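protein-v2.cif (mmCIF, C-alpha atoms)
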```cif
data_entry
loop_
_atom_site.group_PDB
_atom_site.id
_atom_site.type_symbol
_atom_site.label_atom_id
_atom_site.label_comp_id
_atom_site.auth_asym_id
_atom_site.auth_seq_id
_atom_site.Cartn_x
_atom_site.Cartn_y
_atom_site.Cartn_z
ATOM 1 C CA MET A 1 134.830 105.201 75.496
ATOM 2 C CA LEU A 2 134.231 102.295 73.094
ATOM 3 C CA CYS A 3 137.761 100.918 73.326
ATOM 4 C CA ALA A 4 137.056 98.784 76.344
ATOM 5 C CA PHE A 5 139.191 101.286 78.273
ATOM 6 C CA VAL A 6 142.271 99.229 77.361
ATOM 7 C CA ARG A 7 144.969 100.225 74.888
ATOM 8 C CA GLU A 8 148.530 99.153 74.121
ATOM 9 C CA SER A 9 151.395 101.450 73.134
ATOM 10 C CA ALA A 10 153.060 100.848 69.805
ATOM 11 C CA ALA A 11 156.856 100.960 69.513
ATOM 12 C CA GLN A 12 159.128 100.809 66.481
ATOM 13 C CA THR A 13 162.738 99.654 66.422
ATOM 14 C CA SER A 14 165.318 99.860 63.656
ATOM 15 C CA VAL A 15 168.400 97.748 63.002
ATOM 16 C CA PRO A 16 171.548 99.734 62.066
ATOM 17 C CA ALA A 17 173.253 98.870 58.818
ATOM 18 C CA SER A 18 176.354 96.659 58.896
ATOM 19 C CA PRO A 19 179.632 98.668 59.093
ATOM 20 C CA TYR A 20 181.437 96.080 56.972
ATOM 21 C CA ALA A 21 181.687 96.233 53.208
ATOM 22 C CA PRO A 22 180.336 93.307 51.133
ATOM 23 C CA GLY A 23 182.786 90.381 50.920
ATOM 24 C CA VAL A 24 184.808 91.346 53.991
ATOM 25 C CA GLU A 25 185.386 88.387 56.324
ATOM 26 C CA LEU A 26 184.800 89.131 59.976
ATOM 27 C CA GLN A 27 187.695 88.205 62.269
ATOM 28 C CA GLN A 28 186.623 85.398 64.581
ATOM 29 C CA THR A 29 189.043 86.250 67.403
ATOM 30 C CA PHE A 30 190.086 89.353 69.277
ATOM 31 C CA PRO A 31 193.196 91.091 67.844
ATOM 32 C CA GLY A 32 196.461 89.546 69.181
ATOM 33 C CA LYS A 33 194.807 86.306 70.276
ATOM 34 C CA THR A 34 195.709 82.914 68.763
ATOM 35 C CA PRO A 35 192.790 81.363 66.948
ATOM 36 C CA MET A 36 191.282 78.361 68.706
ATOM 37 C CA ARG A 37 192.298 75.033 67.089
ATOM 38 C CA MET A 38 189.499 72.663 66.222
ATOM 39 C CA PRO A 39 189.890 69.059 67.519
ATOM 40 C CA ASP A 40 190.910 66.355 65.021
ATOM 41 C CA THR A 41 188.177 63.971 66.135
ATOM 42 C CA PRO A 42 184.529 64.822 65.660
ATOM 43 C CA PRO A 43 182.710 65.810 68.840
ATOM 44 C CA ARG A 44 180.609 63.233 70.689
ATOM 45 C CA ASN A 45 176.960 63.268 69.785
ATOM 46 C CA PRO A 46 175.172 64.867 72.754
ATOM 47 C CA PHE A 47 171.912 63.228 71.710
ATOM 48 C CA PRO A 48 172.728 59.537 71.139
ATOM 49 C CA GLN A 49 169.081 58.592 71.100
ATOM 50 C CA SER A 50 168.684 60.359 67.755
ATOM 51 C CA ASP A 51 171.743 58.759 66.100
ATOM 52 C CA GLY A 52 172.915 62.182 65.128
ATOM 53 C CA ARG A 53 169.869 62.865 63.041
ATOM 54 C CA PRO A 54 167.847 66.039 63.608
ATOM 55 C CA VAL A 55 165.050 65.633 66.109
ATOM 56 C CA GLN A 56 161.644 66.273 64.585
ATOM 57 C CA ILE A 57 159.653 68.914 66.442
ATOM 58 C CA PRO A 58 155.979 67.948 66.661
ATOM 59 C CA GLN A 59 153.637 70.362 64.924
ATOM 60 C CA GLN A 60 151.038 72.199 66.944
ATOM 61 C CA SER A 61 147.531 71.047 66.191
ATOM 62 C CA GLY A 62 145.713 73.916 67.883
ATOM 63 C CA VAL A 63 144.231 76.713 65.771
ATOM 64 C CA VAL A 64 145.099 80.225 66.914
ATOM 65 C CA GLU A 65 142.192 82.617 66.395
ATOM 66 C CA LYS A 66 142.967 86.221 65.620
ATOM 67 C CA VAL A 67 141.420 88.692 68.050
ATOM 68 C CA GLU A 68 139.045 91.090 66.324
ATOM 69 C CA LYS A 69 140.260 94.693 66.207
ATOM 70 C CA VAL A 70 138.416 96.935 68.638
ATOM 71 C CA VAL A 71 137.276 100.075 66.831
ATOM 72 C CA ASN A 72 137.949 103.423 68.460
ATOM 73 C CA VAL A 73 134.803 105.085 67.123
ATOM 74 C CA ASP A 74 135.844 108.590 68.200
ATOM 75 C CA THR A 75 139.113 108.671 66.254
ATOM 76 C CA ALA A 76 137.682 106.711 63.317
ATOM 77 C CA LEU A 77 134.900 109.276 62.881
ATOM 78 C CA ALA A 78 137.388 112.140 63.200
ATOM 79 C CA ALA A 79 139.536 110.557 60.485
ATOM 80 C CA LEU A 80 136.535 109.928 58.224
ATOM 81 C CA MET A 81 135.376 113.560 58.599
ATOM 82 C CA SER A 82 138.818 115.209 58.539
ATOM 83 C CA SER A 83 137.973 117.244 55.413
ATOM 84 C CA ILE A 84 135.428 119.288 57.402
ATOM 85 C CA GLY A 85 138.060 120.822 59.675
ATOM 86 C CA ASN A 86 136.828 122.060 63.052
ATOM 87 C CA PHE A 87 133.197 121.139 63.679
ATOM 88 C CA SER A 88 130.551 120.205 66.224
ATOM 89 C CA ALA A 89 127.872 117.587 65.614
ATOM 90 C CA ASN A 90 125.046 115.857 67.430
ATOM 91 C CA GLY A 91 122.975 112.786 66.809
ATOM 92 C CA THR A 92 122.391 109.263 68.066
ATOM 93 C CA MET A 93 124.756 106.332 68.595
ATOM 94 C CA GLU A 94 123.561 102.728 68.643
ATOM 95 C CA LEU A 95 125.398 99.603 69.821
ATOM 96 C CA TRP A 96 124.089 96.404 68.194
ATOM 97 C CA THR A 97 125.099 93.103 69.802
ATOM 98 C CA THR A 98 123.860 89.520 69.662
ATOM 99 C CA ASN A 99 123.863 87.264 72.704
ATOM 100 C CA SER A 100 122.664 83.664 72.300
ATOM 101 C CA GLY A 101 120.922 84.666 69.099
ATOM 102 C CA LYS A 102 119.098 87.570 70.761
ATOM 103 C CA LEU A 103 119.603 91.062 69.360
ATOM 104 C CA ASP A 104 120.305 93.821 71.873
ATOM 105 C CA VAL A 105 120.335 97.490 70.863
ATOM 106 C CA LYS A 106 121.512 100.275 73.140
ATOM 107 C CA ARG A 107 120.776 103.810 71.951
ATOM 108 C CA PHE A 108 122.393 107.021 73.233
ATOM 109 C CA PRO A 109 122.185 110.726 72.391
ATOM 110 C CA PHE A 110 125.640 111.547 71.023
ATOM 111 C CA ILE A 111 127.675 114.765 70.748
ATOM 112 C CA MET A 112 131.000 115.153 68.966
ATOM 113 C CA VAL A 113 133.366 118.132 68.784
ATOM 114 C CA VAL A 114 136.663 118.340 66.894
ATOM 115 C CA LYS A 115 139.126 121.217 67.126
ATOM 116 C CA ASP A 116 142.685 121.235 65.767
ATOM 117 C CA GLY A 117 142.927 117.448 65.948
ATOM 118 C CA ARG A 118 141.507 117.171 69.458
ATOM 119 C CA ILE A 119 138.294 115.184 69.868
ATOM 120 C CA ARG A 120 135.555 115.322 72.471
ATOM 121 C CA THR A 121 132.490 113.091 72.533
ATOM 122 C CA GLU A 122 129.616 112.729 74.991
ATOM 123 C CA LEU A 123 127.161 109.889 75.583
ATOM 124 C CA ASP A 124 123.920 110.353 77.520
ATOM 125 C CA LEU A 125 123.200 107.146 79.477
ATOM 126 C CA ARG A 126 119.769 108.121 80.818
ATOM 127 C CA TYR A 127 118.047 105.965 78.204
ATOM 128 C CA ILE A 128 119.802 102.795 79.418
ATOM 129 C CA GLU A 129 117.771 100.572 81.729
ATOM 130 C CA THR A 130 119.228 100.187 85.217
ATOM 131 C CA GLU A 131 117.875 96.656 85.604
ATOM 132 C CA THR A 132 118.705 93.835 83.205
ATOM 133 C CA SER A 133 117.716 90.180 83.041
ATOM 134 C CA GLY A 134 120.512 88.878 85.248
ATOM 135 C CA GLU A 135 123.274 90.332 83.072
ATOM 136 C CA GLU A 136 125.359 93.299 84.089
ATOM 137 C CA ASN A 137 127.294 95.509 81.703
ATOM 138 C CA MET A 138 129.308 98.667 81.998
ATOM 139 C CA PHE A 139 126.466 101.044 81.119
ATOM 140 C CA THR A 140 123.911 99.642 83.572
ATOM 141 C CA THR A 141 126.597 99.551 86.282
ATOM 142 C CA LEU A 142 127.368 103.227 85.734
ATOM 143 C CA ARG A 143 123.663 104.086 85.926
ATOM 144 C CA GLN A 144 123.297 102.191 89.196
ATOM 145 C CA VAL A 145 125.882 104.407 90.906
ATOM 146 C CA GLY A 146 124.436 107.668 89.619
ATOM 147 C CA ILE A 147 126.625 108.195 86.521
ATOM 148 C CA HIS A 148 124.420 109.357 83.647
ATOM 149 C CA ARG A 149 126.924 110.761 81.174
ATOM 150 C CA ILE A 150 130.357 109.864 79.778
ATOM 151 C CA SER A 151 132.634 112.462 78.192
ATOM 152 C CA THR A 152 135.750 111.360 76.335
ATOM 153 C CA ILE A 153 138.619 113.709 75.454
ATOM 154 C CA THR A 154 141.098 112.317 72.933
ATOM 155 C CA LEU A 155 144.415 114.097 72.394
ATOM 156 C CA PRO A 156 146.113 112.321 69.458
ATOM 157 C CA GLN A 157 149.295 114.430 69.609
ATOM 158 C CA LEU A 158 149.781 113.269 73.211
ATOM 159 C CA THR A 159 148.475 109.735 72.475
ATOM 160 C CA THR A 160 146.201 110.202 75.480
ATOM 161 C CA VAL A 161 142.530 109.508 76.196
ATOM 162 C CA GLN A 162 140.738 111.032 79.197
ATOM 163 C CA ILE A 163 137.382 109.495 80.143
ATOM 164 C CA LEU A 164 135.276 111.809 82.312
ATOM 165 C CA PHE A 165 132.307 110.875 84.511
ATOM 166 C CA PRO A 166 130.880 114.335 85.332
ATOM 167 C CA HIS A 167 128.203 113.206 87.791
ATOM 168 C CA ALA A 168 130.856 111.492 89.922
ATOM 169 C CA LYS A 169 133.518 114.176 89.299
ATOM 170 C CA THR A 170 136.048 111.489 88.412
ATOM 171 C CA TYR A 171 138.096 110.631 85.330
ATOM 172 C CA LEU A 172 140.454 108.014 83.915
ATOM 173 C CA THR A 173 143.567 108.626 81.820
ATOM 174 C CA GLN A 174 144.683 105.999 79.310
ATOM 175 C CA GLY A 175 147.002 105.743 76.355
ATOM 176 C CA LEU A 176 145.949 105.938 72.710
ATOM 177 C CA SER A 177 147.352 103.238 70.432
ATOM 178 C CA PHE A 178 149.391 104.454 67.475
ATOM 179 C CA GLU A 179 147.092 102.710 64.975
ATOM 180 C CA ASP A 180 144.113 104.626 66.406
ATOM 181 C CA ILE A 181 145.574 108.039 65.607
ATOM 182 C CA PRO A 182 143.336 109.596 62.911
ATOM 183 C CA GLY A 183 146.238 110.562 60.654
ATOM 184 C CA VAL A 184 147.361 106.925 60.397
ATOM 185 C CA MET A 185 143.987 105.511 59.303
ATOM 186 C CA ARG A 186 143.095 105.062 55.633
ATOM 187 C CA PHE A 187 139.711 104.563 53.929
ATOM 188 C CA THR A 188 138.785 102.833 50.691
ATOM 189 C CA LYS A 189 135.484 104.285 49.530
ATOM 190 C CA LYS A 190 133.272 102.843 46.771
ATOM 191 C CA LEU A 191 129.917 104.268 45.703
ATOM 192 C CA PHE A 192 127.209 101.623 46.064
ATOM 193 C CA GLY A 193 124.533 103.785 44.502
ATOM 194 C CA PRO A 194 121.803 106.287 45.292
ATOM 195 C CA MET A 195 119.413 105.110 48.010
ATOM 196 C CA GLN A 196 116.124 106.669 49.060
ATOM 197 C CA LEU A 197 115.108 106.727 52.717
ATOM 198 C CA ASP A 198 112.268 108.743 54.236
ATOM 199 C CA LYS A 199 111.808 110.719 50.991
ATOM 200 C CA GLN A 200 115.509 111.713 51.011
ATOM 201 C CA VAL A 201 118.004 110.479 48.432
ATOM 202 C CA TYR A 202 121.454 109.530 49.756
ATOM 203 C CA ASP A 203 124.738 108.437 48.230
ATOM 204 C CA LYS A 204 125.549 105.143 49.914
ATOM 205 C CA PHE A 205 129.215 104.113 50.050
ATOM 206 C CA ASP A 206 130.791 100.798 50.928
ATOM 207 C CA VAL A 207 133.896 101.764 52.892
ATOM 208 C CA VAL A 208 136.823 99.793 54.299
ATOM 209 C CA LEU A 209 138.703 101.260 57.259
ATOM 210 C CA GLN A 210 142.368 100.232 56.997
ATOM 211 C CA TYR A 211 144.808 100.249 59.920
ATOM 212 C CA ASN A 212 148.585 100.255 59.650
ATOM 213 C CA THR A 213 148.530 96.882 61.469
ATOM 214 C CA GLY A 214 146.788 95.265 58.496
ATOM 215 C CA ASP A 215 143.422 95.091 60.271
ATOM 216 C CA THR A 216 140.384 96.170 58.263
ATOM 217 C CA VAL A 217 136.843 97.093 59.275
ATOM 218 C CA PRO A 218 133.942 97.195 56.779
ATOM 219 C CA MET A 219 131.689 100.233 56.999
ATOM 220 C CA GLU A 220 128.630 101.841 55.471
ATOM 221 C CA VAL A 221 128.575 105.610 54.930
ATOM 222 C CA TRP A 222 125.489 107.526 53.776
ATOM 223 C CA GLU A 223 125.846 111.120 52.549
ATOM 224 C CA ILE A 224 123.457 113.658 51.072
ATOM 225 C CA PRO A 225 124.546 114.345 47.465
ATOM 226 C CA GLY A 226 126.726 117.444 47.317
ATOM 227 C CA LYS A 227 127.841 117.172 50.960
ATOM 228 C CA THR A 228 130.943 115.068 50.528
ATOM 229 C CA GLY A 229 132.661 114.239 53.790
ATOM 230 C CA GLU A 230 129.596 115.111 55.898
ATOM 231 C CA PRO A 231 127.965 111.738 56.614
ATOM 232 C CA THR A 232 124.391 111.422 57.790
ATOM 233 C CA TYR A 233 124.773 107.781 58.780
ATOM 234 C CA VAL A 234 127.860 105.689 59.577
ATOM 235 C CA LYS A 235 127.942 101.991 60.425
ATOM 236 C CA PHE A 236 130.946 99.988 61.666
ATOM 237 C CA ILE A 237 130.313 96.286 60.982
ATOM 238 C CA ARG A 238 131.838 93.627 63.247
ATOM 239 C CA ASP A 239 131.405 89.865 63.593
ATOM 240 C CA GLN A 240 128.559 89.717 66.095
ATOM 241 C CA SER A 241 127.986 93.416 66.582
ATOM 242 C CA ALA A 242 127.810 96.826 64.951
ATOM 243 C CA VAL A 243 128.128 100.479 65.934
ATOM 244 C CA THR A 244 126.018 103.055 64.108
ATOM 245 C CA VAL A 245 126.015 106.845 64.316
ATOM 246 C CA HIS A 246 123.160 109.002 62.975
ATOM 247 C CA PHE A 247 124.174 112.660 62.645
ATOM 248 C CA ALA A 248 121.226 115.022 63.021
ATOM 249 C CA SER A 249 123.370 118.088 62.355
ATOM 250 C CA ILE A 250 126.981 118.966 61.579
ATOM 251 C CA ARG A 251 128.137 122.552 62.008
ATOM 252 C CA LYS A 252 131.516 123.842 60.894
ATOM 253 C CA SER A 253 132.715 125.970 63.775
ATOM 254 C CA SER A 254 135.352 126.381 66.448
ATOM 255 C CA VAL A 255 134.675 125.774 70.126
ATOM 256 C CA ALA A 256 136.280 126.850 73.389
ATOM 257 C CA ASP A 257 139.559 125.206 74.394
ATOM 258 C CA ASN A 258 138.301 124.412 77.895
ATOM 259 C CA LEU A 259 136.120 121.652 76.419
ATOM 260 C CA PHE A 260 139.325 119.650 75.992
ATOM 261 C CA LYS A 261 140.493 120.046 79.579
ATOM 262 C CA VAL A 262 139.534 118.134 82.723
ATOM 263 C CA PRO A 263 137.525 120.451 85.023
ATOM 264 C CA GLU A 264 139.023 121.386 88.359
ATOM 265 C CA GLY A 265 138.016 119.202 91.296
ATOM 266 C CA PHE A 266 137.789 115.963 89.301
ATOM 267 C CA GLU A 267 139.479 113.003 91.008
ATOM 268 C CA LYS A 268 141.861 110.969 88.854
ATOM 269 C CA TYR A 269 141.878 107.156 88.708
ATOM 270 C CA SER A 270 143.982 104.771 86.646
ATOM 271 C CA ASP A 271 141.665 101.747 86.998
ATOM 272 C CA LEU A 272 137.960 101.538 86.126
ATOM 273 C CA GLY A 273 137.172 98.936 88.775
ATOM 274 C CA VAL A 274 138.757 100.926 91.602
ATOM 275 C CA MET A 275 136.925 104.054 90.452
ATOM 276 C CA LEU A 276 133.567 102.256 90.400
ATOM 277 C CA GLN A 277 134.109 100.840 93.877
ATOM 278 C CA ALA A 278 134.886 104.288 95.308
ATOM 279 C CA VAL A 279 131.991 105.962 93.502
ATOM 280 C CA SER A 280 129.601 103.199 94.584
ATOM 281 C CA ILE A 281 130.422 103.612 98.279
ATOM 282 C CA ARG A 282 130.063 107.392 98.035
ATOM 283 C CA PHE A 283 126.784 107.071 96.115
ATOM 284 C CA GLU A 284 125.281 104.717 98.726
ATOM 285 C CA ARG A 285 126.360 107.002 101.571
ATOM 286 C CA GLN A 286 124.770 110.060 99.939
ATOM 287 C CA ARG A 287 121.578 108.180 99.174
ATOM 288 C CA ALA A 288 121.303 106.958 102.766
ATOM 289 C CA GLU A 289 121.756 110.487 104.088
ATOM 290 C CA ASN A 290 118.836 111.680 101.968
ATOM 291 C CA MET A 291 116.496 108.893 103.075
ATOM 292 C CA PRO A 292 113.950 109.479 105.890
ATOM 293 C CA GLY A 293 115.204 108.275 109.245
ATOM 294 C CA GLY A 294 118.827 108.305 108.147
ATOM 295 C CA ALA A 295 119.014 104.692 106.931
ATOM 296 C CA ARG A 296 122.434 103.114 107.199
ATOM 297 C CA PRO A 297 124.373 102.888 103.932
ATOM 298 C CA ARG A 298 125.380 99.579 102.400
ATOM 299 C CA THR A 299 128.502 98.055 103.887
ATOM 300 C CA SER A 300 129.572 96.545 100.546
ATOM 301 C CA PRO A 301 129.924 98.306 97.180
ATOM 302 C CA LEU A 302 126.956 98.157 94.846
ATOM 303 C CA VAL A 303 129.050 97.394 91.763
ATOM 304 C CA VAL A 304 131.275 94.461 90.960
ATOM 305 C CA GLN A 305 134.825 94.536 89.656
ATOM 306 C CA PRO A 306 135.073 94.178 85.861
ATOM 307 C CA ASN A 307 136.290 90.870 84.472
ATOM 308 C CA PRO A 308 139.812 90.606 82.992
ATOM 309 C CA ASP A 309 138.348 91.206 79.505
ATOM 310 C CA GLY A 310 136.676 94.432 80.700
ATOM 311 C CA SER A 311 133.149 93.002 80.710
ATOM 312 C CA PHE A 312 130.721 92.866 83.631
ATOM 313 C CA ARG A 313 129.103 89.529 82.790
ATOM 314 C CA ARG A 314 128.677 87.233 85.738
ATOM 315 C CA GLN A 315 131.236 84.418 85.659
ATOM 316 C CA PRO A 316 130.177 80.793 86.361
ATOM 317 C CA ARG A 317 130.988 79.627 89.869
#
```
Turn this file's structure into structure tokens for me.
Amino acid sequence: MLCAFVRESAAQTSVPASPYAPGVELQQTFPGKTPMRMPDTPPRNPFPQSDGRPVQIPQQSGVVEKVEKVVNVDTALAALMSSIGNFSANGTMELWTTNSGKLDVKRFPFIMVVKDGRIRTELDLRYIETETSGEENMFTTLRQVGIHRISTITLPQLTTVQILFPHAKTYLTQGLSFEDIPGVMRFTKKLFGPMQLDKQVYDKFDVVLQYNTGDTVPMEVWEIPGKTGEPTYVKFIRDQSAVTVHFASIRKSSVADNLFKVPEGFEKYSDLGVMLQAVSIRFERQRAENMPGGARPRTSPLVVQPNPDGSFRRQPR
């Protein structure tokens, strides 16, 4: 959902221990073969221009910038709230971004369900404007083709994420990175102090989310005193952005297993751009059929292909 729909698989390799005991010299030839005799004269220098001296390799002057870790909010929240067990919760999610110094806030109703390690979240996109000031993004593009809700099913044991678009009856299947598995994440939690907000006193914690890759993400977690592990407010802080979740209610309960399965009749895609193109054509055809006089549908898709980085910003010509 918030992982830019792109994940890499993690692999580990191990090097077997040496079968030779310490101090044992390895034979340089095959058994029964006469060792090769070294020539009496030194070999000719293959690089006469260096007079036999090592050639200095020029140092790179460019600075390599580390790419900021993309936070999988679904699994991070599940890890943070693991002490609750099975639960269902609802609230509001906000995406805070800055573009050319201008703050942009997108706000969604948010539902989260966790059962036996499986995670399901839902975002309601009906509060996102369908027209923007010349800038397209994933959410407005989905709204334009009649998609008003996103459901994400995360199966950590299968390292799989399924992204459902119920209004279009389509879904994507992608891999879940090893570092995004809830059981691998660690949190360092430090009490900042009691804070009062809207006549309610909260325990505010400064938290650091730690990945096994060495990446860290600073967070804020607000809890009502006595309800440890049940946050009211969570904020993931990034360089030029932030993700916040306000929980209106958290209920410890178990839910039906079919919530973690793709409904029958949903069409599977492996690429977001291809899915949007197909849904766009179908959406335009259905809209034309419902218009008076049977207007002809568009001959070109309404949506554009996402850029290589997953964004929908218009590229300069």
Hey, what comes out of the PyMOL selection byres ((chain A and resi 161) around 9) on this file? Could you write it as a PyMOL selection string?
chain A and resi 1+152-156+158-160+162-163+172-176
Quick one: write out the picked residues with C-alpha atoms as a PDB file, keeping the file's coordinate frame?
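And here's again_1.pdb as it stands now:
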```pdb
ATOM      1  CA  MET A   1     134.830 105.201  75.496  1.00  0.00           C
ATOM      2  CA  THR A 152     135.750 111.360  76.335  1.00  0.00           C
ATOM      3  CA  ILE A 153     138.619 113.709  75.454  1.00  0.00           C
ATOM      4  CA  THR A 154     141.098 112.317  72.933  1.00  0.00           C
ATOM      5  CA  LEU A 155     144.415 114.097  72.394  1.00  0.00           C
ATOM      6  CA  PRO A 156     146.113 112.321  69.458  1.00  0.00           C
ATOM      7  CA  LEU A 158     149.781 113.269  73.211  1.00  0.00           C
ATOM      8  CA  THR A 159     148.475 109.735  72.475  1.00  0.00           C
ATOM      9  CA  THR A 160     146.201 110.202  75.480  1.00  0.00           C
ATOM     10  CA  GLN A 162     140.738 111.032  79.197  1.00  0.00           C
ATOM     11  CA  ILE A 163     137.382 109.495  80.143  1.00  0.00           C
ATOM     12  CA  LEU A 172     140.454 108.014  83.915  1.00  0.00           C
ATOM     13  CA  THR A 173     143.567 108.626  81.820  1.00  0.00           C
ATOM     14  CA  GLN A 174     144.683 105.999  79.310  1.00  0.00           C
ATOM     15  CA  GLY A 175     147.002 105.743  76.355  1.00  0.00           C
ATOM     16  CA  LEU A 176     145.949 105.938  72.710  1.00  0.00           C
TER      17      LEU A 176
END
```
Shortest contact to Asp257 in chain A, candidates A:Leu77, A:Phe108, A:Val113, A:Met93, atoms counted only C-alpha atoms, goes to A:Val113
- Task: Pick out the residues sitting within 12 Å of Asn258 in chain A, and hand them over as JSON, numbers by chain; count only C-alpha atoms, and ignore anything fewer than 6 positions along from it in its own chain.
- Result: {"A": [115, 118, 120, 153, 264]}
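With all atoms listed in the file as the basis for measurement, A:Glu230 is the residue among A:Val67, A:Glu230, A:Thr121, A:Asp198 that approaches Arg251 in chain A most closely.
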Taking all atoms listed in the file into account, name the residue in A:Leu209, A:Val245, A:Leu164, A:Val184 that is nearest to Val262 in chain A.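 Looking only at the distances to Val262 in chain A, the closest residue turns out to be A:Leu164.
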Closest of A:Arg186, A:Lys235, A:Arg143, A:His246 to Thr213 in chain A, counting only C-alpha atoms, is A:Arg186
**OP:** Using all atoms listed in the file, find the one residue out of A:Thr141, A:Asn99, A:Ser253, A:Thr188 that sits nearest to Gln277 in chain A.
**Re:**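 Selected residue with least distance to Gln277 in chain A: A:Thr141.
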CA of Leu80 in chain A to CA of Thr97 in chain A measures 23.4 Å
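Among the candidate residues A:Ile224, A:Val255, A:Leu103, A:Ile281, the one lying nearest to Asn86 in chain A is A:Val255, with distances computed using all atoms listed in the file.
Picture a line from CA of Glu223 in chain A to CA of Lys199 in chain A; it runs 14.1 Å.
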Selection near Trp96 in chain A, 10 Å with only C-alpha atoms, sequence-local residues under 6 positions removed, as a list in words:
Leu103, Asp104, Val105, Lys106, Arg107, Ile237, Arg238, Gln240, Ser241, Ala242, Val243 and Thr244 of chain A
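Once the PyMOL selection byres ((chain A and resi 205) around 10) is applied to this file, the selection holds Thr188, Lys189, Lys190, Leu191, Phe192, Gly193, Pro194, Tyr202, Asp203, Lys204, Asp206, Val207, Val208, Met219, Glu220, Val221, Trp222, Glu223 and Val234 of chain A.
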Around all listed atoms of range 195-199 of chain A, padded 8 Å per side, what centre and edge lengths does the axis-aligned box have in Å to one decimal, as AutoDock Vina command-line options?
```
--center_x 115.6 --center_y 107.9 --center_z 51.1 --size_x 23.6 --size_y 21.6 --size_z 22.2
```
>> Can you measure CA of Phe236 in chain A to CA of Phe110 in chain A for me? One decimal in Å is fine.
In response: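 Rounded to one decimal, the two atoms are 15.8 Å apart.
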